[in-house]
>>> print(open('query-v2.csv').read())   # CSV, C-alpha atoms
chain,number,residue,atom,x,y,z
O,239,MET,CA,105.8,86.0,76.9
O,240,TYR,CA,102.5,85.4,78.6
O,241,LEU,CA,102.8,88.9,80.2
O,242,LEU,CA,103.3,90.4,76.7
O,243,GLU,CA,100.1,88.7,75.4
O,244,GLU,CA,98.3,89.9,78.5
O,245,MET,CA,99.4,93.5,77.9
O,246,SER,CA,98.6,93.5,74.2
O,247,SER,CA,95.0,92.4,74.9
O,248,ILE,CA,94.7,95.3,77.3
O,249,THR,CA,96.0,97.8,74.7
O,250,ASN,CA,93.2,96.6,72.5
O,251,PHE,CA,90.7,97.7,75.2
O,252,THR,CA,88.3,100.0,73.2
O,253,PRO,CA,85.5,102.2,74.4
O,254,GLU,CA,83.1,99.4,73.2
O,255,SER,CA,85.1,96.9,75.4
O,256,ALA,CA,84.9,99.4,78.3
O,257,LYS,CA,81.1,99.7,77.9
O,258,ALA,CA,80.8,95.9,77.7
O,259,ALA,CA,83.0,95.3,80.7
O,260,LEU,CA,81.1,97.9,82.8
O,261,THR,CA,77.8,96.5,81.8
O,262,ASP,CA,79.0,93.0,82.7
O,263,VAL,CA,80.2,94.3,86.1
O,264,LEU,CA,76.8,95.9,86.7
O,265,THR,CA,75.1,92.6,85.7
O,266,ALA,CA,77.3,90.7,88.2
O,267,LEU,CA,76.6,93.3,90.9
O,268,ASN,CA,72.9,92.7,90.3
O,269,SER,CA,73.0,89.0,90.5
O,270,PRO,CA,70.8,87.7,93.4
O,271,GLU,CA,73.8,86.3,95.3
O,272,ASN,CA,75.7,89.6,95.1
O,273,ILE,CA,72.7,91.7,95.8
O,274,GLN,CA,72.4,89.8,99.1
O,275,LYS,CA,76.1,90.2,100.0
O,276,LEU,CA,76.1,93.9,99.2
O,277,ALA,CA,72.8,94.5,101.1
O,278,GLU,CA,74.3,92.9,104.2
O,279,ALA,CA,77.6,94.8,103.9
O,280,LYS,CA,75.7,98.1,103.4
O,281,GLU,CA,73.5,97.3,106.4
O,282,ASN,CA,76.6,96.8,108.5
O,283,SER,CA,78.0,100.1,107.2
O,284,GLY,CA,75.1,102.3,107.8
O,285,ASN,CA,75.8,105.5,105.8
O,286,GLU,CA,79.3,105.9,107.1
O,287,MET,CA,81.9,106.3,104.3
O,288,LEU,CA,84.7,104.6,106.2
O,289,LYS,CA,82.6,101.6,106.9
O,290,MET,CA,81.4,101.5,103.3
O,291,MET,CA,85.0,101.4,102.1
O,292,GLN,CA,85.8,98.7,104.7
O,293,PHE,CA,82.8,96.4,104.0
O,294,VAL,CA,81.2,97.2,100.7
O,295,PHE,CA,84.1,98.3,98.5
O,296,PRO,CA,86.1,95.0,98.8
O,297,ILE,CA,83.0,93.1,97.6
O,298,VAL,CA,82.5,95.4,94.6
O,299,VAL,CA,86.2,95.1,93.7
O,300,GLN,CA,86.1,91.3,93.9
O,301,ILE,CA,83.1,91.2,91.7
O,302,GLN,CA,84.7,93.6,89.3
O,303,MET,CA,87.9,91.5,89.3
O,304,ASP,CA,85.9,88.4,88.4
O,305,VAL,CA,84.5,90.2,85.4
O,306,ILE,CA,87.5,92.1,84.0
O,307,LYS,CA,89.7,89.0,83.8
O,308,ASN,CA,87.4,88.0,80.9
O,309,TYR,CA,88.6,91.2,79.1
O,310,GLY,CA,92.3,90.3,79.4
O,311,PHE,CA,93.1,92.0,82.6
O,312,PRO,CA,95.4,90.1,85.1
O,313,GLU,CA,93.7,88.9,88.2
O,314,GLY,CA,94.4,90.7,91.4
O,315,ARG,CA,95.3,94.3,92.3
O,316,ASP,CA,97.3,95.1,89.2
O,317,GLY,CA,94.4,94.2,86.9
O,318,THR,CA,92.0,96.3,88.9
O,319,ILE,CA,94.3,99.3,88.8
O,320,GLN,CA,94.9,99.0,85.1
O,321,PHE,CA,91.2,98.7,84.5
O,322,ALA,CA,90.4,101.7,86.6
O,323,GLN,CA,93.1,103.8,84.9
O,324,LEU,CA,91.8,102.9,81.4
O,325,ILE,CA,88.2,103.5,82.4
O,326,ARG,CA,89.1,107.0,83.8
O,327,ALA,CA,90.9,107.8,80.6
O,328,LEU,CA,88.1,106.7,78.4
O,329,GLU,CA,85.3,108.3,80.4
O,330,ARG,CA,86.7,111.7,79.8
O,331,ASP,CA,85.7,111.4,76.1
O,332,ASP,CA,82.7,109.2,76.4
O,333,PRO,CA,79.7,110.2,78.5
O,334,GLU,CA,78.2,106.6,78.4
O,335,ILE,CA,81.4,105.2,79.9
O,336,ALA,CA,81.3,107.9,82.6
O,337,GLN,CA,77.6,107.1,83.3
O,338,LEU,CA,78.3,103.3,83.6
O,339,HIS,CA,81.3,103.9,85.8
O,340,GLY,CA,79.2,106.2,88.0
O,341,GLN,CA,76.7,103.4,88.4
O,342,VAL,CA,79.4,101.0,89.5
O,343,ARG,CA,80.8,103.6,92.0
O,344,SER,CA,77.3,104.1,93.4
O,345,TYR,CA,77.5,100.6,94.9
O,346,PHE,CA,80.2,101.7,97.3
O,347,LEU,CA,79.9,105.4,97.6
O,348,PRO,CA,77.0,106.5,99.9
O,349,PRO,CA,74.6,109.0,98.4
O,350,LEU,CA,75.3,112.6,99.2
O,351,GLU,CA,72.5,114.7,100.4
O,352,ALA,CA,71.7,118.0,98.8
O,353,ASN,CA,72.6,119.9,102.0
O,354,SER,CA,76.0,118.3,102.1
O,355,LEU,CA,76.7,119.3,98.5
O,356,ALA,CA,75.7,122.9,99.1
O,357,GLU,CA,77.9,123.1,102.2
O,358,ALA,CA,80.8,121.6,100.4
O,359,SER,CA,80.6,124.2,97.6
O,360,LEU,CA,80.8,127.1,100.2
>>> encode(input="query-v2.csv", output="structure tokens")
Amino acid sequence: MYLLEEMSSITNFTPESAKAALTDVLTALNSPENIQKLAEAKENSGNEMLKMMQFVFPIVVQIQMDVIKNYGFPEGRDGTIQFAQLIRALERDDPEIAQLHGQVRSYFLPPLEANSLAEASL
């Protein structure tokens, strides 16, 4: 029965809820404590994608998990996956959600240089 209650709260996840959740994730990412953790992890990673995924991504995911449980998502991997799937579905129709989600992703994806983008399109 608890699982059914949990799922029904997620089905009520609206674009407004998504924006609020993403905003709360960004606020949490920008807390002094988390800024320090992320800065250290990024410094250890350099600009290498594999190291970013190894050191920075888990911190971002943990911070996100701490926030999204307040929006009815189960703690752990399942909640994170459900949140990501709902956000991806909602961002197709809502540019603000896409923009907020992009800001969250920018914490663990290294910036791409213009030359890299040009070469990738060839």
>>> closest_residue(input="query-v2.csv", among="O:Thr318, O:Ser255, O:Thr261, O:Gln274", to="Val299 in chain O", atoms="all atoms listed in the file")
O:Thr318
>>> atom_distance(input="query-v2.csv", atom1="CA of Thr252 in chain O", atom2="CA of Phe321 in chain O")
11.7 Å
>>> atom_distance(input="query-v2.csv", atom1="CA of Ile306 in chain O", atom2="CA of Pro253 in chain O")
14.1 Å
>>> closest_residue(input="query-v2.csv", among="O:Val294, O:Ala258, O:Leu347, O:Ile301", to="Glu271 in chain O", atoms="all atoms listed in the file")
O:Ile301
>>> residues_around(input="query-v2.csv", residues="range 276-286 of chain O", least_positions_apart="6", cutoff="9 Å", atoms="only C-alpha atoms", output="JSON, numbers by chain")
{"O": [267, 292, 293, 294, 297, 298, 345, 346, 348, 349]}
>>> atom_distance(input="query-v2.csv", atom1="CA of Met290 in chain O", atom2="CA of Asp331 in chain O")
29.3 Å
>>> closest_residue(input="query-v2.csv", among="O:Gly314, O:Asp262, O:Lys257, O:Pro296", to="Gln337 in chain O", atoms="all atoms listed in the file")
O:Lys257
